[in-house]
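Data file: upload-v2.csv. Format and content: CSV, C-alpha atoms.
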chain,number,residue,atom,x,y,z
U,1,MET,CA,88.7,-15.8,-120.6
U,2,LEU,CA,87.1,-19.2,-121.6
U,3,GLY,CA,85.7,-18.2,-125.0
U,4,ASN,CA,83.9,-15.6,-127.1
U,5,LEU,CA,80.2,-15.8,-127.7
U,6,ASN,CA,80.6,-13.8,-130.9
U,7,THR,CA,82.4,-16.7,-132.5
U,8,ASN,CA,81.3,-19.8,-130.6
U,9,ASN,CA,78.0,-20.8,-129.0
U,10,ILE,CA,77.8,-21.4,-125.2
U,11,ILE,CA,77.8,-25.2,-125.5
U,12,GLU,CA,81.0,-25.2,-127.5
U,13,ILE,CA,82.7,-23.0,-125.0
U,14,LEU,CA,81.5,-25.0,-121.9
U,15,ASN,CA,82.8,-28.2,-123.5
U,16,GLY,CA,85.9,-26.5,-125.0
U,17,ASP,CA,89.5,-27.7,-124.5
U,18,LEU,CA,90.4,-25.2,-121.9
U,19,LEU,CA,87.5,-26.0,-119.6
U,20,GLN,CA,88.1,-29.7,-120.0
U,21,GLU,CA,91.7,-29.1,-119.0
U,22,ILE,CA,90.5,-27.2,-115.9
U,23,ARG,CA,88.1,-29.9,-114.9
U,24,GLY,CA,90.8,-32.5,-115.3
U,25,SER,CA,93.0,-30.6,-112.9
U,26,ILE,CA,90.2,-30.3,-110.3
U,27,ALA,CA,89.5,-34.0,-110.6
U,28,GLN,CA,93.1,-34.6,-109.6
U,29,GLY,CA,92.8,-32.3,-106.6
U,30,LYS,CA,95.0,-29.7,-108.3
U,31,ALA,CA,94.3,-26.0,-108.8
U,32,HIS,CA,94.7,-25.0,-112.5
U,33,LYS,CA,96.4,-21.6,-113.1
U,34,TYR,CA,93.0,-20.3,-114.2
U,35,CYS,CA,92.0,-20.7,-110.5
U,36,SER,CA,94.8,-18.5,-109.1
U,37,ASN,CA,92.6,-15.6,-108.0
U,38,CYS,CA,90.5,-17.9,-105.8
U,39,VAL,CA,93.6,-19.7,-104.4
U,40,GLN,CA,95.2,-16.3,-103.5
U,41,ALA,CA,92.0,-15.0,-101.9
U,42,GLU,CA,91.6,-18.1,-99.7
U,43,ARG,CA,95.3,-18.0,-98.8
U,44,PHE,CA,94.7,-14.6,-97.1
U,45,GLY,CA,91.5,-15.7,-95.4
U,46,ALA,CA,89.1,-14.0,-97.9
U,47,ASP,CA,86.0,-15.4,-99.5
U,48,SER,CA,86.4,-16.6,-103.1
U,49,GLU,CA,84.2,-17.4,-106.1
U,50,ARG,CA,85.4,-21.0,-105.7
U,51,LYS,CA,83.9,-21.1,-102.2
U,52,TRP,CA,80.7,-19.5,-103.5
U,53,HIS,CA,80.4,-22.3,-106.1
U,54,ASN,CA,81.4,-25.1,-103.7
U,55,ASP,CA,78.9,-24.0,-101.1
U,56,LEU,CA,76.1,-24.3,-103.6
U,57,ASN,CA,77.3,-27.5,-105.2
U,58,GLN,CA,77.8,-29.7,-102.1
U,59,ASP,CA,76.1,-32.7,-103.9
U,60,LEU,CA,78.7,-32.7,-106.7
U,61,ASP,CA,81.5,-35.2,-106.5
U,62,TYR,CA,84.2,-33.6,-108.6
U,63,THR,CA,86.4,-36.7,-108.6
U,64,THR,CA,83.8,-38.6,-110.7
U,65,ALA,CA,82.2,-35.7,-112.5
U,66,GLY,CA,84.1,-36.2,-115.8
U,67,SER,CA,85.4,-33.6,-118.2
U,68,GLN,CA,82.1,-32.7,-120.0
U,69,TYR,CA,79.8,-29.9,-118.9
U,70,HIS,CA,76.8,-30.8,-116.8
U,71,TYR,CA,74.5,-27.9,-115.9
U,72,PRO,CA,74.6,-24.4,-114.4
U,73,VAL,CA,74.0,-24.0,-110.6
U,74,ILE,CA,75.2,-20.4,-110.5
U,75,VAL,CA,74.5,-17.8,-113.2
U,76,ASP,CA,76.6,-14.5,-113.2
U,77,VAL,CA,75.4,-12.5,-116.1
U,78,ARG,CA,77.0,-9.2,-117.3
U,79,TRP,CA,75.3,-8.6,-120.7
U,80,ASN,CA,77.2,-5.4,-121.4
U,81,THR,CA,78.5,-2.2,-119.8
U,82,THR,CA,75.4,0.0,-120.2
U,83,CYS,CA,75.5,2.5,-117.3
U,84,ASN,CA,74.0,5.9,-116.5
U,85,LEU,CA,77.0,7.1,-114.3
U,86,SER,CA,80.7,7.9,-114.9
U,87,CYS,CA,82.1,7.2,-111.5
U,88,ASN,CA,85.5,8.7,-110.8
U,89,TYR,CA,87.2,5.4,-110.3
U,90,CYS,CA,85.5,3.6,-113.1
U,91,SER,CA,86.4,3.5,-116.8
U,92,GLU,CA,85.2,2.9,-120.3
U,93,TRP,CA,85.7,-0.9,-119.8
U,94,ALA,CA,82.9,-1.0,-117.2
U,95,SER,CA,80.6,2.0,-118.1
U,96,SER,CA,79.0,3.1,-121.4
U,97,LYS,CA,78.8,6.6,-119.9
U,98,TRP,CA,82.6,6.7,-119.7
U,99,SER,CA,82.8,5.4,-123.3
U,100,ALA,CA,80.6,8.3,-124.4
U,101,LEU,CA,82.6,10.9,-122.5
U,102,LYS,CA,85.8,9.6,-124.1
U,103,GLY,CA,84.4,9.3,-127.6
U,104,ILE,CA,84.8,5.5,-127.7
U,105,PRO,CA,82.2,3.6,-129.7
U,106,PHE,CA,79.9,1.5,-127.6
U,107,LYS,CA,77.6,-1.2,-129.0
U,108,SER,CA,74.3,-1.0,-127.2
U,109,GLY,CA,71.3,-3.2,-127.8
U,110,SER,CA,70.9,-6.9,-128.0
U,111,ARG,CA,73.6,-9.2,-129.2
U,112,PRO,CA,72.8,-12.3,-131.3
U,113,TYR,CA,73.9,-14.7,-128.6
U,114,TYR,CA,71.6,-13.2,-125.9
U,115,ASP,CA,68.7,-15.5,-126.8
U,116,ASP,CA,71.0,-18.5,-127.0
U,117,VAL,CA,72.2,-17.9,-123.5
U,118,CYS,CA,68.7,-17.5,-122.1
U,119,ASP,CA,67.6,-20.6,-124.0
U,120,PHE,CA,70.4,-22.5,-122.4
U,121,ILE,CA,69.6,-21.2,-118.9
U,122,GLU,CA,65.9,-22.0,-119.4
U,123,LYS,CA,66.7,-25.5,-120.5
U,124,HIS,CA,68.6,-26.2,-117.3
U,125,HIS,CA,66.6,-23.9,-115.0
U,126,ALA,CA,65.7,-26.6,-112.5
U,127,HIS,CA,69.3,-26.8,-111.3
U,128,ILE,CA,69.9,-23.1,-110.9
U,129,LYS,CA,70.2,-21.9,-107.3
U,130,ASP,CA,71.9,-18.5,-107.5
U,131,VAL,CA,71.8,-15.7,-110.0
U,132,ALA,CA,74.0,-12.6,-109.9
U,133,LEU,CA,72.9,-9.5,-111.9
U,134,VAL,CA,75.9,-7.2,-112.6
U,135,GLY,CA,76.6,-4.5,-115.1
U,136,GLY,CA,77.2,-1.8,-116.0
U,137,GLU,CA,73.9,-1.1,-114.3
U,138,PRO,CA,71.8,-4.2,-114.3
U,139,LEU,CA,68.5,-2.4,-113.8
U,140,LEU,CA,69.1,-0.7,-117.2
U,141,LEU,CA,69.7,-4.0,-119.1
U,142,PRO,CA,66.5,-5.2,-120.7
U,143,GLU,CA,68.0,-8.6,-121.2
U,144,ASN,CA,67.6,-9.2,-117.5
U,145,GLU,CA,63.8,-9.0,-118.0
U,146,ARG,CA,63.8,-12.3,-119.9
U,147,LEU,CA,66.5,-13.8,-117.6
U,148,LEU,CA,64.2,-13.2,-114.6
U,149,ASP,CA,61.4,-15.0,-116.5
U,150,VAL,CA,63.4,-18.2,-117.2
U,151,ILE,CA,65.1,-18.8,-113.8
U,152,PRO,CA,63.3,-20.6,-110.9
U,153,GLU,CA,61.1,-18.7,-108.6
U,154,ASP,CA,62.9,-20.1,-105.5
U,155,CYS,CA,66.5,-19.3,-106.6
U,156,THR,CA,68.4,-16.5,-105.0
U,157,VAL,CA,69.0,-13.3,-107.1
U,158,THR,CA,71.7,-10.9,-106.0
U,159,ILE,CA,72.0,-7.5,-107.8
U,160,ILE,CA,74.8,-4.9,-107.6
U,161,THR,CA,73.1,-1.6,-108.4
U,162,ASN,CA,74.1,2.1,-108.2
U,163,MET,CA,70.5,2.9,-106.9
U,164,ASN,CA,70.2,5.8,-109.3
U,165,VAL,CA,67.4,4.5,-111.6
U,166,ASP,CA,63.8,5.5,-111.5
U,167,LEU,CA,62.4,2.4,-109.8
U,168,GLY,CA,58.8,3.4,-110.4
U,169,LYS,CA,59.3,3.0,-114.1
U,170,ASN,CA,61.9,0.3,-114.3
U,171,LYS,CA,60.8,-3.1,-115.7
U,172,VAL,CA,63.7,-5.1,-114.2
U,173,PHE,CA,62.9,-3.7,-110.8
U,174,LYS,CA,59.2,-4.6,-111.2
U,175,LYS,CA,60.2,-8.2,-111.8
U,176,LEU,CA,62.6,-8.3,-108.9
U,177,GLN,CA,60.0,-6.9,-106.4
U,178,HIS,CA,57.7,-9.8,-107.1
U,179,ARG,CA,60.4,-12.4,-106.3
U,180,LYS,CA,60.9,-13.7,-102.8
U,181,LYS,CA,64.7,-14.1,-102.5
U,182,VAL,CA,66.6,-11.0,-103.6
U,183,GLY,CA,69.7,-9.6,-102.2
U,184,TRP,CA,70.4,-5.9,-102.8
U,185,SER,CA,74.1,-4.9,-103.0
U,186,MET,CA,73.9,-1.1,-103.1
U,187,SER,CA,77.1,0.2,-104.6
U,188,PHE,CA,78.1,3.6,-103.2
U,189,ASP,CA,80.9,4.9,-101.0
U,190,ASN,CA,80.1,8.4,-99.9
U,191,VAL,CA,77.1,10.5,-98.9
U,192,GLY,CA,75.6,13.9,-100.1
U,193,ASP,CA,77.8,16.2,-102.2
U,194,ARG,CA,80.7,13.8,-102.0
U,195,PHE,CA,78.5,11.0,-103.4
U,196,GLU,CA,77.5,13.1,-106.4
U,197,TYR,CA,81.1,14.1,-107.0
U,198,VAL,CA,82.5,10.6,-107.0
U,199,ARG,CA,79.4,8.9,-108.6
U,200,TYR,CA,79.1,11.5,-111.3
U,201,GLY,CA,75.6,11.7,-112.8
U,202,GLY,CA,74.1,10.4,-109.7
U,203,SER,CA,71.5,12.1,-107.4
U,204,TRP,CA,71.8,11.7,-103.7
U,205,PRO,CA,68.1,12.4,-103.1
U,206,MET,CA,67.2,9.8,-105.7
U,207,LEU,CA,69.4,7.2,-103.9
U,208,VAL,CA,67.8,8.0,-100.5
U,209,SER,CA,64.3,7.7,-102.0
U,210,ASN,CA,65.1,4.4,-103.8
U,211,LEU,CA,66.7,3.1,-100.6
U,212,ALA,CA,63.3,3.6,-98.8
U,213,ILE,CA,61.6,1.6,-101.6
U,214,VAL,CA,64.1,-1.3,-101.4
U,215,LYS,CA,64.0,-1.4,-97.6
U,216,ASP,CA,60.3,-1.8,-97.8
U,217,LEU,CA,61.0,-5.0,-99.7
U,218,PHE,CA,63.0,-6.3,-96.8
U,219,LYS,CA,59.6,-6.9,-95.1
U,220,GLN,CA,58.8,-9.6,-97.7
U,221,GLY,CA,62.1,-11.4,-97.4
U,222,HIS,CA,64.5,-9.3,-99.5
U,223,TRP,CA,67.8,-8.3,-97.8
U,224,GLY,CA,70.8,-6.1,-98.6
U,225,GLY,CA,73.3,-3.4,-97.7
U,226,ILE,CA,75.9,-1.0,-98.9
U,227,HIS,CA,78.8,-2.4,-101.1
U,228,ALA,CA,81.5,0.1,-100.5
U,229,VAL,CA,85.0,0.4,-102.2
U,230,TYR,CA,87.6,1.8,-99.8
U,231,ASN,CA,89.5,4.5,-101.6
U,232,ILE,CA,91.0,7.9,-101.3
U,233,TYR,CA,87.6,9.6,-101.7
U,234,ASN,CA,86.2,8.0,-98.5
U,235,ALA,CA,89.3,7.2,-96.5
U,236,THR,CA,88.8,10.3,-94.4
U,237,ARG,CA,84.9,10.1,-94.5
U,238,ILE,CA,84.2,6.6,-93.1
U,239,CYS,CA,82.2,8.0,-90.1
U,240,GLU,CA,79.6,9.9,-92.2
U,241,LEU,CA,78.9,6.9,-94.4
U,242,ARG,CA,78.8,4.5,-91.5
U,243,GLU,CA,76.5,6.8,-89.5
U,244,PHE,CA,74.2,7.1,-92.6
U,245,ALA,CA,74.1,3.3,-92.8
U,246,HIS,CA,73.3,3.1,-89.1
U,247,GLU,CA,70.5,5.6,-89.4
U,248,GLN,CA,69.0,3.5,-92.3
U,249,GLY,CA,69.4,0.3,-90.4
U,250,ILE,CA,71.6,-1.4,-93.1
U,251,SER,CA,75.1,-2.8,-93.1
U,252,ILE,CA,78.2,-2.1,-95.1
U,253,ILE,CA,80.5,-4.6,-96.8
U,254,TRP,CA,83.9,-3.0,-97.5
U,255,GLN,CA,86.3,-4.0,-100.2
U,256,ASN,CA,89.7,-2.7,-101.1
U,257,LEU,CA,90.2,-0.8,-104.4
U,258,PHE,CA,91.3,-3.0,-107.3
U,259,GLN,CA,92.4,-0.1,-109.6
U,260,PRO,CA,93.5,2.6,-110.4
U,261,ASP,CA,96.5,2.8,-108.1
U,262,TYR,CA,96.4,6.6,-107.7
U,263,LEU,CA,93.1,6.2,-105.8
U,264,ASP,CA,94.5,3.7,-103.4
U,265,PRO,CA,94.9,5.5,-100.0
U,266,PHE,CA,97.7,3.1,-99.0
U,267,LEU,CA,100.0,4.3,-101.8
U,268,HIS,CA,100.2,8.0,-101.0
U,269,GLY,CA,102.6,8.2,-98.1
U,270,ARG,CA,102.0,10.0,-94.8
U,271,VAL,CA,99.9,12.8,-96.3
U,272,VAL,CA,97.1,10.4,-96.7
U,273,ALA,CA,98.0,7.7,-94.2
U,274,GLU,CA,97.9,10.0,-91.2
U,275,PRO,CA,94.4,11.5,-91.7
U,276,ALA,CA,93.0,8.2,-92.9
U,277,ALA,CA,94.3,6.3,-89.8
U,278,ALA,CA,92.9,9.1,-87.6
U,279,GLU,CA,89.5,8.6,-89.3
U,280,ILE,CA,89.5,4.9,-88.6
U,281,ASN,CA,90.2,5.6,-84.9
U,282,ARG,CA,87.3,8.1,-84.9
U,283,PHE,CA,85.1,5.4,-86.5
U,284,TYR,CA,86.0,2.9,-83.8
U,285,ALA,CA,85.2,5.6,-81.1
U,286,THR,CA,81.6,5.7,-82.4
U,287,GLY,CA,81.0,2.1,-81.3
U,288,LEU,CA,79.4,1.3,-84.7
U,289,ALA,CA,82.1,-1.0,-86.1
U,290,THR,CA,81.1,-4.6,-86.6
U,291,ASP,CA,83.5,-7.5,-86.1
U,292,ALA,CA,83.9,-7.7,-89.9
U,293,GLU,CA,84.6,-4.0,-90.1
U,294,ARG,CA,87.2,-4.2,-87.4
U,295,MET,CA,89.0,-7.0,-89.2
U,296,PHE,CA,89.0,-4.9,-92.4
U,297,PHE,CA,90.1,-1.7,-90.8
U,298,ASP,CA,92.6,-3.3,-88.4
U,299,GLN,CA,94.4,-4.4,-91.5
U,300,ALA,CA,94.1,-0.9,-92.9
U,301,LEU,CA,95.7,0.5,-89.8
U,302,GLN,CA,98.6,-1.9,-90.1
U,303,ASN,CA,99.1,-0.9,-93.7
U,304,TYR,CA,99.1,2.8,-92.8
U,305,ALA,CA,101.5,2.2,-89.9
U,306,ALA,CA,104.0,0.7,-92.4
U,307,VAL,CA,103.9,3.8,-94.6
U,308,THR,CA,107.0,6.0,-94.1
U,309,GLU,CA,108.1,7.9,-97.1
U,310,SER,CA,106.2,10.4,-99.3
U,311,LYS,CA,105.0,9.4,-102.7
U,312,PRO,CA,105.4,12.4,-105.1
U,313,VAL,CA,104.9,10.3,-108.2
U,314,MET,CA,101.6,8.9,-107.0
U,315,ALA,CA,100.5,12.4,-105.8
U,316,LYS,CA,101.2,13.8,-109.3
U,317,LYS,CA,99.2,11.0,-110.9
U,318,PHE,CA,96.3,11.8,-108.5
U,319,ALA,CA,96.5,15.5,-109.1
U,320,THR,CA,96.4,14.8,-112.9
U,321,HIS,CA,93.4,12.6,-112.4
U,322,ILE,CA,91.5,15.4,-110.5
U,323,HIS,CA,92.5,18.0,-113.1
U,324,GLU,CA,91.2,15.8,-116.0
U,325,ILE,CA,88.0,15.0,-114.1
U,326,GLU,CA,87.2,18.6,-113.4
U,327,THR,CA,88.3,20.2,-116.7
U,328,LYS,CA,87.8,17.5,-119.3
U,329,TYR,CA,85.1,15.1,-118.3
U,330,HIS,CA,83.0,16.6,-115.4
U,331,ALA,CA,83.6,20.3,-116.2
U,332,ASP,CA,80.8,21.5,-113.9
U,333,GLN,CA,82.8,20.3,-110.9
U,334,VAL,CA,85.8,22.6,-111.3
U,335,GLY,CA,87.3,23.3,-107.9
U,336,GLN,CA,84.9,20.9,-106.1
U,337,PHE,CA,87.5,18.4,-104.9
U,338,ALA,CA,89.4,21.1,-103.0
U,339,LYS,CA,86.2,22.2,-101.3
U,340,LEU,CA,84.9,18.7,-100.4
U,341,TRP,CA,88.3,17.3,-99.3
U,342,PRO,CA,90.3,20.2,-97.9
U,343,GLU,CA,92.4,17.8,-95.9
U,344,PHE,CA,94.1,16.7,-99.2
U,345,THR,CA,95.2,20.2,-100.3
U,346,PRO,CA,98.9,19.1,-99.7
U,347,LEU,CA,98.4,16.3,-102.1
U,348,MET,CA,97.2,18.6,-104.8
U,349,ASP,CA,100.2,20.9,-104.3
U,350,ASN,CA,102.4,18.2,-105.6

Using structure tokens, write down the structure from this file.
Amino acid sequence: MLGNLNTNNIIEILNGDLLQEIRGSIAQGKAHKYCSNCVQAERFGADSERKWHNDLNQDLDYTTAGSQYHYPVIVDVRWNTTCNLSCNYCSEWASSKWSALKGIPFKSGSRPYYDDVCDFIEKHHAHIKDVALVGGEPLLLPENERLLDVIPEDCTVTIITNMNVDLGKNKVFKKLQHRKKVGWSMSFDNVGDRFEYVRYGGSWPMLVSNLAIVKDLFKQGHWGGIHAVYNIYNATRICELREFAHEQGISIIWQNLFQPDYLDPFLHGRVVAEPAAAEINRFYATGLATDAERMFFDQALQNYAAVTESKPVMAKKFATHIHEIETKYHADQVGQFAKLWPEFTPLMDN
């Protein structure tokens, strides 16, 4: 947290004391405590946001750059959390749909600082090389319409989208489809009925239809694939998601779950570890695993092999989660988890 645009303008924040302190640390070749996430990721061989920035700023000499702000090269904009889905592992902090379900006030519409931010980006647009559109659901954020107008035509735009928006009527999509360098990070983790259970409010037929539209843009230079979060809902269904991706001719980038802990398949003891490890071995037998996937799932197998005891406390938390989902928030799905994931019946008995 570097500042608050409700109380300070973007220039004040970018030249504020904290960022000057961070720049001073970098100039001395030291990692400020603010940089701990990137340092940790790199220590374990993962990509980091720092690497992303450095790769695009190779002409910047940080030892002589000084403590004042220069110009943006990367723009990562998350205007607000407007979203049309209430995914089972999401929350009111990232989805306006969850806010509505929980009766939490959500401020929609434009904020006073939106124009200031776009004015700032437009002023420095010649330096911008990479733009990330994130949400909520970025296709539903009208602020992205102006953003796409003020950034350079030759910069790269990456969008993380749930693929459940009517693309034929969507104004943000219409602007994206006329750009040359767009990367589509399609966020889903299951197929068919399991997709609709986890990504509540979503339509699997709409996703498949939209995927065909996006794939058609690959012919003009766009690219993309599935951005999947590895969690208890897909730990025993890797093969069906991977086979769908293979049929569609697209790749999958896997990432581990950040939260909540009760959806982490590594924290549930042997009742989850055994069928999840067996699924990875079935996946390997298909011959579809890429080198990156083998690296990811080899680590998962090591994690499962280290699991010994049962975890009744975590099982209880998970059972409570399913009960609340099916009776309080997604009431039309009562009993669906047991039908869609019968292998986890022992987990629910806890």

For this session: Do a neighbour search on U:Ser110 at 10 Å with only C-alpha atoms, toss out local chain neighbours closer than 3 positions, and write the hits as an MDAnalysis selection string.
Result: chainID U and resid 79:80 107 113:115 141:143

For this session: Could you tell me how far atom CA of U:Thr63 lies from atom CA of U:Glu21, in Å and to one decimal?
Result: 13.9 Å

Exercise. Within 7 Å of U:Gly202, counting all atoms listed in the file, which residues qualify if same-chain residues fewer than 3 places away don't, as a VMD selection string?
Worked result: chain U and resid 85 164 196 199

Exercise. Which polymer residues have any atom within 7 Å of an atom of stretch 29-38 of chain U, counting all atoms listed in the file, with same-chain residues fewer than 3 positions away left out, as a ChimeraX atom specification?
Worked result: /U:22,25-26,41-42,48-50

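Comparing U:Arg270, U:His323, U:His124, U:Lys215 by their smallest distance to U:Ser310, the closest is U:Arg270 (using only C-alpha atoms).
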
Determine, counting all atoms listed in the file, which protein, DNA and RNA residues have an atom within 12 Å of an atom of U:Phe120; residues of the same chain fewer than 6 positions away are not included. Present the result as a tab-separated table (two decimals) with C-alpha atoms, in the coordinates of the input.
chain	number	residue	atom	x	y	z
U	9	ASN	CA	78.00	-20.80	-129.00
U	10	ILE	CA	77.80	-21.40	-125.20
U	11	ILE	CA	77.80	-25.20	-125.50
U	14	LEU	CA	81.50	-25.00	-121.90
U	70	HIS	CA	76.80	-30.80	-116.80
U	71	TYR	CA	74.50	-27.90	-115.90
U	72	PRO	CA	74.60	-24.40	-114.40
U	75	VAL	CA	74.50	-17.80	-113.20
U	113	TYR	CA	73.90	-14.70	-128.60
U	114	TYR	CA	71.60	-13.20	-125.90
U	126	ALA	CA	65.70	-26.60	-112.50
U	127	HIS	CA	69.30	-26.80	-111.30
U	128	ILE	CA	69.90	-23.10	-110.90
U	147	LEU	CA	66.50	-13.80	-117.60
U	150	VAL	CA	63.40	-18.20	-117.20
U	151	ILE	CA	65.10	-18.80	-113.80

If we draw a sphere of 10 Å around (90.0, -2.2, -91.5), which residues have at least one atom in it when counting all atoms listed in the file? Please report them as a JSON list (two decimals) with C-alpha atoms, in the coordinates of the input.
[["chain", "number", "residue", "atom", "x", "y", "z"],
["U", 230, "TYR", "CA", 87.60, 1.80, -99.80],
["U", 254, "TRP", "CA", 83.90, -3.00, -97.50],
["U", 255, "GLN", "CA", 86.30, -4.00, -100.20],
["U", 256, "ASN", "CA", 89.70, -2.70, -101.10],
["U", 277, "ALA", "CA", 94.30, 6.30, -89.80],
["U", 280, "ILE", "CA", 89.50, 4.90, -88.60],
["U", 289, "ALA", "CA", 82.10, -1.00, -86.10],
["U", 291, "ASP", "CA", 83.50, -7.50, -86.10],
["U", 292, "ALA", "CA", 83.90, -7.70, -89.90],
["U", 293, "GLU", "CA", 84.60, -4.00, -90.10],
["U", 294, "ARG", "CA", 87.20, -4.20, -87.40],
["U", 295, "MET", "CA", 89.00, -7.00, -89.20],
["U", 296, "PHE", "CA", 89.00, -4.90, -92.40],
["U", 297, "PHE", "CA", 90.10, -1.70, -90.80],
["U", 298, "ASP", "CA", 92.60, -3.30, -88.40],
["U", 299, "GLN", "CA", 94.40, -4.40, -91.50],
["U", 300, "ALA", "CA", 94.10, -0.90, -92.90],
["U", 301, "LEU", "CA", 95.70, 0.50, -89.80],
["U", 302, "GLN", "CA", 98.60, -1.90, -90.10],
["U", 303, "ASN", "CA", 99.10, -0.90, -93.70]]

For this session: Would you mind reading off the distance between atom CA of U:Met186 and atom CA of U:Cys90, one decimal, in Å?
Result: 16.0 Å

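Separating atom CA of U:Ile253 from atom CA of U:Ser187 is a distance of 9.8 Å.
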
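The closest residue to U:Tyr69, picked from U:Asp349, U:Glu326, U:Glu309, U:Asp17 and counting all atoms listed in the file, is U:Asp17.
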
For this session: Find the residues around U:Val182 up to 12 Å (only C-alpha atoms counted), leave out those fewer than 4 positions away in its own chain, and share them as a PyMOL selection string.
Result: chain U and resi 130-133+148+153-160+173+175-178+214-215+217-225

Now that the selection is made, can you save its residues with C-alpha atoms as an mmCIF file, keeping the file's coordinate frame?
data_model
loop_
_atom_site.group_PDB
_atom_site.id
_atom_site.type_symbol
_atom_site.label_atom_id
_atom_site.label_comp_id
_atom_site.auth_asym_id
_atom_site.auth_seq_id
_atom_site.Cartn_x
_atom_site.Cartn_y
_atom_site.Cartn_z
ATOM 1 C CA ASP U 130 71.900 -18.500 -107.500
ATOM 2 C CA VAL U 131 71.800 -15.700 -110.000
ATOM 3 C CA ALA U 132 74.000 -12.600 -109.900
ATOM 4 C CA LEU U 133 72.900 -9.500 -111.900
ATOM 5 C CA LEU U 148 64.200 -13.200 -114.600
ATOM 6 C CA GLU U 153 61.100 -18.700 -108.600
ATOM 7 C CA ASP U 154 62.900 -20.100 -105.500
ATOM 8 C CA CYS U 155 66.500 -19.300 -106.600
ATOM 9 C CA THR U 156 68.400 -16.500 -105.000
ATOM 10 C CA VAL U 157 69.000 -13.300 -107.100
ATOM 11 C CA THR U 158 71.700 -10.900 -106.000
ATOM 12 C CA ILE U 159 72.000 -7.500 -107.800
ATOM 13 C CA ILE U 160 74.800 -4.900 -107.600
ATOM 14 C CA PHE U 173 62.900 -3.700 -110.800
ATOM 15 C CA LYS U 175 60.200 -8.200 -111.800
ATOM 16 C CA LEU U 176 62.600 -8.300 -108.900
ATOM 17 C CA GLN U 177 60.000 -6.900 -106.400
ATOM 18 C CA HIS U 178 57.700 -9.800 -107.100
ATOM 19 C CA VAL U 214 64.100 -1.300 -101.400
ATOM 20 C CA LYS U 215 64.000 -1.400 -97.600
ATOM 21 C CA LEU U 217 61.000 -5.000 -99.700
ATOM 22 C CA PHE U 218 63.000 -6.300 -96.800
ATOM 23 C CA LYS U 219 59.600 -6.900 -95.100
ATOM 24 C CA GLN U 220 58.800 -9.600 -97.700
ATOM 25 C CA GLY U 221 62.100 -11.400 -97.400
ATOM 26 C CA HIS U 222 64.500 -9.300 -99.500
ATOM 27 C CA TRP U 223 67.800 -8.300 -97.800
ATOM 28 C CA GLY U 224 70.800 -6.100 -98.600
ATOM 29 C CA GLY U 225 73.300 -3.400 -97.700
#

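Between U:Leu101 and the residues U:Tyr200, U:Thr345, U:Asn231, U:Ile13, the shortest atom-to-atom distance, using all atoms listed in the file, involves U:Tyr200.
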
For this session: Compute the distance from (89.9, -1.4, -102.4) to each atom, counting only C-alpha atoms, keep the residues with any atom at most 10 Å away, and return them as a ChimeraX atom specification; use the coordinates of the file.
Result: /U:228-232,254-261,263-266

Please rebuild stretch 166-177 of chain U with N, CA and C atoms and give the result as a compact mmCIF listing (two decimals), in the frame of the given file.
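Everything below was put into rebuild_10.txt:
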# COMPACT_ATOMS: atom_id res chain seq x y z
N ASP U 166 65.16 5.25 -111.89
CA ASP U 166 63.80 5.50 -111.50
C ASP U 166 63.07 4.17 -111.30
N LEU U 167 62.99 3.70 -110.06
CA LEU U 167 62.40 2.40 -109.80
C LEU U 167 60.96 2.28 -110.14
N GLY U 168 60.26 3.39 -110.06
CA GLY U 168 58.80 3.40 -110.40
C GLY U 168 58.54 3.04 -111.82
N LYS U 169 59.49 3.28 -112.71
CA LYS U 169 59.30 3.00 -114.10
C LYS U 169 60.15 1.89 -114.67
N ASN U 170 60.93 1.27 -113.81
CA ASN U 170 61.90 0.30 -114.30
C ASN U 170 61.33 -1.11 -114.34
N LYS U 171 61.42 -1.75 -115.50
CA LYS U 171 60.80 -3.10 -115.70
C LYS U 171 61.56 -4.17 -115.01
N VAL U 172 62.89 -4.07 -114.95
CA VAL U 172 63.70 -5.10 -114.20
C VAL U 172 63.32 -5.06 -112.76
N PHE U 173 63.23 -3.85 -112.19
CA PHE U 173 62.90 -3.70 -110.80
C PHE U 173 61.49 -4.33 -110.51
N LYS U 174 60.53 -4.09 -111.41
CA LYS U 174 59.20 -4.60 -111.20
C LYS U 174 59.17 -6.14 -111.13
N LYS U 175 60.06 -6.77 -111.91
CA LYS U 175 60.20 -8.20 -111.80
C LYS U 175 60.84 -8.67 -110.54
N LEU U 176 61.85 -7.92 -110.13
CA LEU U 176 62.60 -8.30 -108.90
C LEU U 176 61.67 -8.13 -107.67
N GLN U 177 60.83 -7.10 -107.65
CA GLN U 177 60.00 -6.90 -106.40
C GLN U 177 58.99 -7.94 -106.21
